[in-house]
Every structure is written in C-alpha cells, then in structure tokens.
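To be precise, the following lines are my_file.txt, and they hold compact mmCIF, C-alpha atoms.
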```
# COMPACT_ATOMS: atom_id res chain seq x y z
CA MET A 602 0.00 0.00 0.00
CA ILE A 603 1.35 3.42 -1.02
CA ARG A 604 0.56 6.56 0.91
CA LYS A 605 0.72 10.13 -0.26
CA PRO A 606 -0.21 13.54 1.19
CA VAL A 607 -3.85 14.48 0.99
CA SER A 608 -4.56 17.21 -1.55
CA VAL A 609 -6.24 20.26 -0.12
CA GLY A 610 -9.93 20.45 -0.87
CA ASP A 611 -10.45 16.74 -1.66
CA GLU A 612 -12.51 15.66 1.30
CA PHE A 613 -13.12 12.18 -0.08
CA ALA A 614 -9.56 11.32 -1.12
CA GLY A 615 -8.23 9.94 2.15
CA ASP A 616 -4.59 8.86 1.96
CA TYR A 617 -5.02 5.55 0.18
CA VAL A 618 -3.67 4.83 -3.28
CA PRO A 619 -3.93 1.28 -4.68
CA GLU A 620 -0.75 -0.42 -5.85
CA ARG A 621 -2.49 -1.89 -8.87
CA GLY A 622 -5.68 -1.19 -10.69
CA ILE A 623 -7.19 -0.95 -14.13
CA ASN A 624 -6.88 2.48 -15.69
CA TYR A 625 -10.23 2.81 -17.42
CA ASP A 626 -9.11 5.93 -19.31
CA LEU A 627 -6.56 3.94 -21.29
CA TYR A 628 -6.83 0.86 -23.45
CA GLU A 629 -3.64 -0.87 -24.52
CA PRO A 630 -4.16 -3.40 -27.34
CA GLY A 631 -2.07 -6.54 -27.48
CA LEU A 632 0.57 -7.28 -30.09
CA LEU A 633 -1.71 -9.16 -32.49
CA GLU A 634 -4.46 -6.58 -32.05
CA SER A 635 -2.00 -3.75 -32.75
CA VAL A 636 -0.79 -5.48 -35.91
CA LEU A 637 -4.39 -5.81 -37.12
CA ILE A 638 -5.15 -2.17 -36.30
CA PHE A 639 -2.13 -0.87 -38.20
CA SER A 640 -2.74 -3.23 -41.12
CA ILE A 641 -6.43 -2.45 -41.52
CA GLY A 642 -6.09 1.24 -40.63
CA GLY A 643 -3.13 1.74 -42.95
CA GLY A 644 -4.89 -0.10 -45.76
CA LEU A 645 -8.06 1.94 -45.41
CA SER A 646 -6.13 5.23 -45.25
CA ALA A 647 -4.03 4.31 -48.27
CA GLY A 648 -7.10 3.21 -50.21
CA ALA A 649 -8.94 6.44 -49.46
CA ALA A 650 -5.90 8.49 -50.49
CA PHE A 651 -5.62 6.56 -53.76
CA LEU A 652 -9.31 7.21 -54.48
CA PHE A 653 -8.85 10.96 -53.98
CA TYR A 654 -5.44 11.43 -55.63
CA ASN A 655 -4.93 8.40 -57.92
CA HIS A 656 -1.26 8.37 -56.96
CA LEU A 657 0.77 5.63 -55.30
CA TRP A 658 2.99 8.02 -53.33
CA ALA A 659 -0.07 9.72 -51.85
CA ALA A 660 -1.39 6.34 -50.79
CA LEU A 661 1.92 5.47 -49.12
CA CYS A 662 2.05 8.79 -47.30
CA PHE A 663 -1.54 8.54 -46.10
CA SER A 664 -0.96 5.02 -44.78
CA ALA A 665 0.39 6.82 -41.71
CA GLY A 666 -3.30 7.47 -40.97
CA ALA A 667 -3.14 4.16 -39.08
CA LEU A 668 -1.74 6.12 -36.12
CA PRO A 669 -4.81 8.34 -35.50
CA ILE A 670 -7.03 5.35 -36.31
CA ARG A 671 -5.30 3.46 -33.50
CA VAL A 672 -6.00 6.37 -31.14
CA LEU A 673 -9.69 6.40 -32.10
CA TYR A 674 -9.88 2.62 -31.71
CA CYS A 675 -8.34 2.72 -28.23
CA ARG A 676 -10.77 5.46 -27.18
CA TYR A 677 -13.66 3.40 -28.49
CA ARG A 678 -12.52 0.31 -26.59
CA ALA A 679 -12.00 2.34 -23.41
CA GLU A 680 -15.53 3.76 -23.68
CA LYS A 681 -16.92 0.30 -24.35
CA ARG A 682 -15.11 -1.07 -21.29
CA ARG A 683 -16.48 1.73 -19.10
CA TRP A 684 -19.97 1.02 -20.40
CA GLN A 685 -19.59 -2.69 -19.57
CA LEU A 686 -18.43 -1.78 -16.07
CA ARG A 687 -21.39 0.56 -15.62
CA GLU A 688 -23.82 -2.21 -16.60
CA GLN A 689 -22.12 -4.67 -14.22
CA PHE A 690 -22.09 -2.09 -11.43
CA ARG A 691 -25.86 -1.95 -11.76
CA ASP A 692 -26.04 -5.57 -10.55
CA LEU A 693 -23.59 -4.77 -7.76
CA LEU A 694 -25.94 -2.04 -6.52
CA TYR A 695 -28.81 -4.54 -6.29
CA SER A 696 -26.67 -6.95 -4.27
CA LEU A 697 -25.30 -4.30 -1.90
CA SER A 698 -28.76 -2.86 -1.31
CA ALA A 699 -30.21 -6.27 -0.44
CA SER A 700 -27.28 -7.23 1.81
CA THR A 701 -27.20 -4.01 3.81
CA ALA A 702 -30.99 -4.05 4.17
CA SER A 703 -30.69 -7.48 5.84
CA GLY A 704 -28.31 -6.05 8.45
CA ARG A 705 -24.84 -6.77 7.03
CA GLN A 706 -22.01 -4.27 7.22
CA LEU A 707 -20.74 -2.76 3.99
CA ASP A 708 -17.51 -4.77 3.97
CA HIS A 709 -19.44 -8.01 4.49
CA ALA A 710 -21.91 -6.91 1.81
CA LEU A 711 -19.00 -6.57 -0.64
CA GLU A 712 -17.91 -10.14 0.16
CA GLU A 713 -21.43 -11.41 -0.44
CA ALA A 714 -21.79 -9.35 -3.62
CA ARG A 715 -18.61 -10.96 -4.96
CA GLU A 716 -20.06 -14.40 -4.44
CA ASN A 717 -23.39 -13.40 -5.97
CA LEU A 718 -21.92 -11.80 -9.08
CA ARG A 719 -19.64 -14.78 -9.68
CA LEU A 720 -22.85 -16.65 -10.48
CA ILE A 721 -23.68 -14.11 -13.21
CA TYR A 722 -20.32 -13.08 -14.65
CA PRO A 723 -17.07 -14.97 -15.33
CA GLU A 724 -14.03 -14.44 -13.12
CA LYS A 725 -12.41 -12.23 -15.77
CA ALA A 726 -15.36 -9.83 -15.84
CA LEU A 727 -14.43 -6.29 -14.84
CA ILE A 728 -16.72 -6.14 -11.82
CA CYS A 729 -15.49 -9.52 -10.54
CA MET A 730 -11.85 -8.42 -10.76
CA GLU A 731 -12.66 -5.14 -9.00
CA LEU A 732 -14.60 -6.91 -6.24
CA ARG A 733 -11.77 -9.38 -5.73
CA ARG A 734 -9.28 -6.52 -5.42
CA MET A 735 -11.51 -4.51 -3.07
CA THR A 736 -12.31 -7.41 -0.75
CA LEU A 737 -8.62 -8.39 -0.50
CA GLU A 738 -7.64 -4.82 0.34
CA VAL A 739 -10.33 -4.56 3.00
CA ARG A 740 -9.67 -8.00 4.52
CA GLU A 741 -5.87 -8.29 4.29
CA SER A 742 -4.59 -4.71 4.07
CA ARG A 743 -7.17 -3.37 6.54
CA VAL A 744 -8.07 -0.48 4.25
CA PRO A 745 -11.38 1.21 5.15
CA VAL A 746 -14.09 0.07 2.80
CA ASP A 747 -15.16 3.62 1.96
CA GLN A 748 -11.64 4.53 0.80
CA VAL A 749 -11.50 1.43 -1.38
CA LEU A 750 -14.82 2.39 -2.99
CA VAL A 751 -13.69 5.98 -3.57
CA SER A 752 -10.47 4.73 -5.18
CA PHE A 753 -12.53 2.48 -7.45
CA GLY A 754 -14.76 5.39 -8.42
CA LYS A 755 -11.84 7.66 -9.25
CA ARG A 756 -10.15 5.05 -11.43
CA SER A 757 -13.35 4.21 -13.30
CA ARG A 758 -14.36 7.87 -13.75
CA ILE A 759 -17.94 6.66 -14.08
CA GLU A 760 -20.41 9.16 -12.67
CA GLU A 761 -22.63 6.59 -10.94
CA ILE A 762 -19.72 4.83 -9.22
CA LEU A 763 -18.23 8.14 -8.09
CA ARG A 764 -21.53 9.28 -6.60
CA PHE A 765 -22.15 6.00 -4.81
CA SER A 766 -18.64 5.82 -3.34
CA ARG A 767 -18.70 9.41 -2.09
CA ILE A 768 -22.16 9.04 -0.57
CA CYS A 769 -21.04 5.86 1.24
CA SER A 770 -17.90 7.62 2.47
CA LEU A 771 -19.86 10.63 3.73
CA CYS A 772 -22.50 8.44 5.39
CA ARG A 773 -19.85 6.34 7.13
CA ARG A 774 -18.05 9.41 8.47
CA MET A 775 -21.21 11.17 9.60
CA GLY A 776 -22.79 8.06 11.10
CA GLY A 777 -25.91 8.02 8.92
CA ASP A 778 -28.38 5.21 8.36
CA MET A 779 -26.20 3.20 5.96
CA PRO A 780 -28.82 0.61 4.84
CA TRP A 781 -31.40 3.27 4.00
CA VAL A 782 -28.85 5.51 2.29
CA ILE A 783 -27.44 2.66 0.19
CA GLY A 784 -30.92 1.45 -0.76
CA ARG A 785 -32.14 4.89 -1.75
CA THR A 786 -28.92 5.73 -3.60
CA ALA A 787 -28.98 2.40 -5.42
CA ASP A 788 -32.54 3.02 -6.61
CA LEU A 789 -31.66 6.46 -7.99
CA LEU A 790 -28.44 5.30 -9.66
CA VAL A 791 -30.11 2.28 -11.24
CA GLU A 792 -32.74 4.59 -12.73
CA GLY A 793 -29.96 6.75 -14.16
CA ILE A 794 -28.17 3.74 -15.65
CA ASP A 795 -31.42 2.49 -17.19
CA LEU A 796 -31.97 5.93 -18.71
CA ARG A 797 -28.48 5.92 -20.19
CA ARG A 798 -29.17 2.50 -21.69
CA GLU A 799 -32.39 3.72 -23.31
CA LEU A 800 -30.61 6.77 -24.74
CA ARG A 801 -27.85 4.53 -26.08
CA VAL A 802 -30.42 2.36 -27.84
CA LEU A 803 -32.16 5.40 -29.30
CA THR A 804 -28.91 6.85 -30.64
CA ALA A 805 -27.68 3.54 -32.07
CA GLN A 806 -29.57 4.16 -35.32
CA LYS A 807 -28.09 7.66 -35.58
CA ARG A 808 -24.60 6.24 -35.11
CA MET A 809 -25.17 3.81 -37.95
CA GLU A 810 -26.58 6.56 -40.16
CA SER A 811 -23.53 8.73 -39.52
CA VAL A 812 -21.21 5.90 -40.55
CA LEU A 813 -23.17 5.30 -43.75
CA LEU A 814 -23.25 9.01 -44.61
CA THR A 815 -19.48 9.18 -44.12
CA LEU A 816 -18.86 6.17 -46.35
CA MET A 817 -21.32 7.21 -49.07
CA PRO A 818 -19.01 9.77 -50.80
CA LEU A 819 -16.28 7.14 -50.94
CA MET A 820 -18.66 4.66 -52.51
CA VAL A 821 -19.78 7.23 -55.08
CA LEU A 822 -16.18 8.10 -55.93
CA LEU A 823 -15.28 4.42 -56.28
CA PHE A 824 -18.31 3.86 -58.53
CA LEU A 825 -17.31 6.75 -60.79
CA ARG A 826 -13.73 5.50 -61.01
CA LEU A 827 -14.92 2.07 -62.11
CA THR A 828 -17.59 3.23 -64.58
CA ALA A 829 -16.52 6.67 -65.85
CA PHE A 830 -12.88 7.29 -65.07
CA ASP A 831 -12.53 9.87 -67.86
CA TYR A 832 -15.17 11.94 -66.11
CA LEU A 833 -12.85 12.24 -63.06
CA SER A 834 -9.56 12.67 -64.92
CA VAL A 835 -9.70 16.44 -64.61
CA MET A 836 -9.78 16.06 -60.80
CA TYR A 837 -6.56 14.04 -60.83
CA GLU A 838 -4.54 15.80 -63.54
CA THR A 839 -5.05 19.51 -62.80
CA VAL A 840 -3.97 21.64 -59.86
CA VAL A 841 -7.50 22.94 -59.27
CA GLY A 842 -8.84 19.38 -59.29
CA ARG A 843 -6.30 18.22 -56.73
CA ILE A 844 -7.11 21.21 -54.52
CA CYS A 845 -10.80 20.33 -54.73
CA MET A 846 -10.04 16.70 -53.89
CA THR A 847 -7.95 17.79 -50.91
CA GLY A 848 -10.76 20.01 -49.65
CA ALA A 849 -13.26 17.18 -50.09
CA LEU A 850 -11.03 14.76 -48.16
CA ILE A 851 -10.53 17.24 -45.33
CA GLY A 852 -14.26 17.98 -45.16
CA LEU A 853 -15.19 14.31 -45.20
CA THR A 854 -12.70 13.53 -42.42
CA ALA A 855 -13.93 16.45 -40.30
CA ALA A 856 -17.56 15.42 -40.80
CA GLY A 857 -16.78 11.85 -39.78
CA LEU A 858 -14.97 12.93 -36.60
CA TRP A 859 -17.75 15.37 -35.73
CA SER A 860 -20.41 12.68 -36.13
CA LEU A 861 -18.38 10.35 -33.90
CA TRP A 862 -18.21 13.05 -31.25
CA LEU A 863 -21.93 13.82 -31.47
CA THR A 864 -23.06 10.22 -31.20
CA GLY A 865 -20.39 9.08 -28.74
CA ASP A 866 -20.92 8.29 -25.07
CA LYS A 867 -20.42 11.49 -23.07
CA GLY A 868 -20.79 9.70 -19.71
```
Write the structure described by the file as structure tokens, please.
Amino acid sequence: MIRKPVSVGDEFAGDYVPERGINYDLYEPGLLESVLIFSIGGGLSAGAAFLFYNHLWAALCFSAGALPIRVLYCRYRAEKRRWQLREQFRDLLYSLSASTASGRQLDHALEEARENLRLIYPEKALICMELRRMTLEVRESRVPVDQVLVSFGKRSRIEEILRFSRICSLCRRMGGDMPWVIGRTADLLVEGIDLRRELRVLTAQKRMESVLLTLMPLMVLLFLRLTAFDYLSVMYETVVGRICMTGALIGLTAAGLWSLWLTGDKG
C-alpha cells in the first residue's frame, strides 16, 4: 500500500492509493491486435488516399493514418469497457442494497456481492476483478471500505460509481443510516443507468446513419472511377482538381470525426 499527502480540498480522497488497478481511461491493445489495427487502418487510409489522388505516393504517405485510427480505436474500446463496467455495477448495486438491508455491514456486503456476481459473470469480468481486489484490500490490508470504494470510483471515472462511493464515504463518516442511504442511492443510480441504456439504444440508429453518410461519398467516388474514369480525370490531372479533392477529403474527415463526437458516449 502506497501513501501520499492528501490534496487540499479533496474531502473524499483519504490517503489511500492502490498499488495496482485498471486504468479505465486507457486501453492498450495486445501485439496481435496492434498489428491488425495498423494493417487495416493503414490499408483503409491508403485506399482512401488513392481514391482521392490516384497516386501511389499519396497512398503510401496517407498510410500513416493508421496512427490516428489506433488512437480512435483505443478510445472506443475504453468507452466500451467503461460502459460494460457501468452495466455490471448496476447488478452490484442490487446486491449491496439487499445485503445491507438485511443487516450486514458494507464490507461483508461486498464479500457477499462478490459471491453473488460470480454466479452471473465470469471471473475475468471487470466487476469480478474489482470486487476481488476490493475485498482483498479490506480484509488483508485493513483499508477502510469507503476509501477502497472511492479509489474504485476515481479510477473508473464513471459518474454513478463516483456518486455511490462518495455518498457511502460521507455516510460512514457522519454516522448516517447506511442501509437506508445505500438502498435509496442504489434506486436512484439504477434509474440513471437504465436511462443511459435507453438513450444509447435510441442513438444507435443515428450512429449507424452517420457511418453510412461518411462512407457514401467514398462509394460514389469508387463507382465513378470504375464506370466513368474519364469523367474524373480532370480532378486528378489539374492543380485545381487536386485542390478540390484535398478540400473534399478534409471535409469528409472532419464530418466523420464530428459525427463520432456527437453520437459518442459522453458519460
């Protein structure tokens, strides 16, 4: 266990910092996954550049687009992992609420929740790994359960987990009615998670539409190259045509990134 000075103004930080823990802000792909990302991303970037410039050197230069594609992919996987953890945390709230309502202390409720969730999720599930880490820290390292929960919330950077951990920490310090507080908080947070799920379902169609709209100009350009290449020759052989193609590529890339930002998970 590592200890550090408490930062001024952070009333929930305590002085506990875990030795290990998943950083949910970062996703590091494995070797094989990285090779696939660079291969597919470089191929797509080179293909798009060849469509717009009809030049091999342009395609080779734009193959470096695999680097920003890797960044976008890692962000997507990190967001997906946080969403999976949020969904699994929903089941943890049900278990903790039921255990504390029956008279168990919060640390014992975590132990029971670990056993309950092992019946639903595999051992390698995110929530199971987090519960195993938290229960070991509470039982063997004698770390207060509220500090372990706050550390979990800070690492996850998930709004519902942060709120729950800070409310539990405040209730434990102030001596509040822990079972009632946990039950009421769990009900409110579960409603929020359900609302996020409904919004995600409603925006799924928009996300698909944005992908199709981004790919449509590429499909039209490919169709024209295959059926009426002479019609596009002026765009490849003149300076004005290349400038127009460059502007179109920049606009298409900006529109695609903007649509990803609009339809992405802001939570």
*If I put a ball of radius 12 Å at (-7.4, -0.6, -39.8) in the file's coordinates, which residues poke into it when counting all atoms listed in the file, written as number ranges by chain?*
A: 634-648, 664-674
Kindly save the residues from that selection, with C-alpha atoms included, as a CSV table (one decimal), in the frame of the given file.
```
chain,number,residue,atom,x,y,z
A,634,GLU,CA,-4.5,-6.6,-32.0
A,635,SER,CA,-2.0,-3.8,-32.8
A,636,VAL,CA,-0.8,-5.5,-35.9
A,637,LEU,CA,-4.4,-5.8,-37.1
A,638,ILE,CA,-5.2,-2.2,-36.3
A,639,PHE,CA,-2.1,-0.9,-38.2
A,640,SER,CA,-2.7,-3.2,-41.1
A,641,ILE,CA,-6.4,-2.4,-41.5
A,642,GLY,CA,-6.1,1.2,-40.6
A,643,GLY,CA,-3.1,1.7,-43.0
A,644,GLY,CA,-4.9,-0.1,-45.8
A,645,LEU,CA,-8.1,1.9,-45.4
A,646,SER,CA,-6.1,5.2,-45.2
A,647,ALA,CA,-4.0,4.3,-48.3
A,648,GLY,CA,-7.1,3.2,-50.2
A,664,SER,CA,-1.0,5.0,-44.8
A,665,ALA,CA,0.4,6.8,-41.7
A,666,GLY,CA,-3.3,7.5,-41.0
A,667,ALA,CA,-3.1,4.2,-39.1
A,668,LEU,CA,-1.7,6.1,-36.1
A,669,PRO,CA,-4.8,8.3,-35.5
A,670,ILE,CA,-7.0,5.4,-36.3
A,671,ARG,CA,-5.3,3.5,-33.5
A,672,VAL,CA,-6.0,6.4,-31.1
A,673,LEU,CA,-9.7,6.4,-32.1
A,674,TYR,CA,-9.9,2.6,-31.7
```
_List as a list in words the protein and nucleic acid residues near Thr701 in chain A, meaning an atom at most 7 Å away when all atoms listed in the file are counted, but skip any in the same chain fewer than 5 places from it._
Gln706, Leu707, Ala710 and Pro780 of chain A
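One distance worth recording is that between CA of Thr815 in chain A and CA of Ala856 in chain A, which is 7.3 Å.
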Once you add 3 Å to each side, what are the centre and edge lengths of the axis-aligned box holding all listed atoms of range 820-823 of chain A? One decimal in Å, as lines of an AutoDock Vina configuration file, if you can.
```
center_x = -17.5
center_y = 6.3
center_z = -54.4
size_x = 10.5
size_y = 9.7
size_z = 9.8
```
*Quick one: of A:Thr804, A:Ser766, A:Ser696, A:Asn655, who's nearest to Val751 in chain A, counting all atoms listed in the file?*
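For Val751 in chain A, the nearest of the candidates is A:Ser766.
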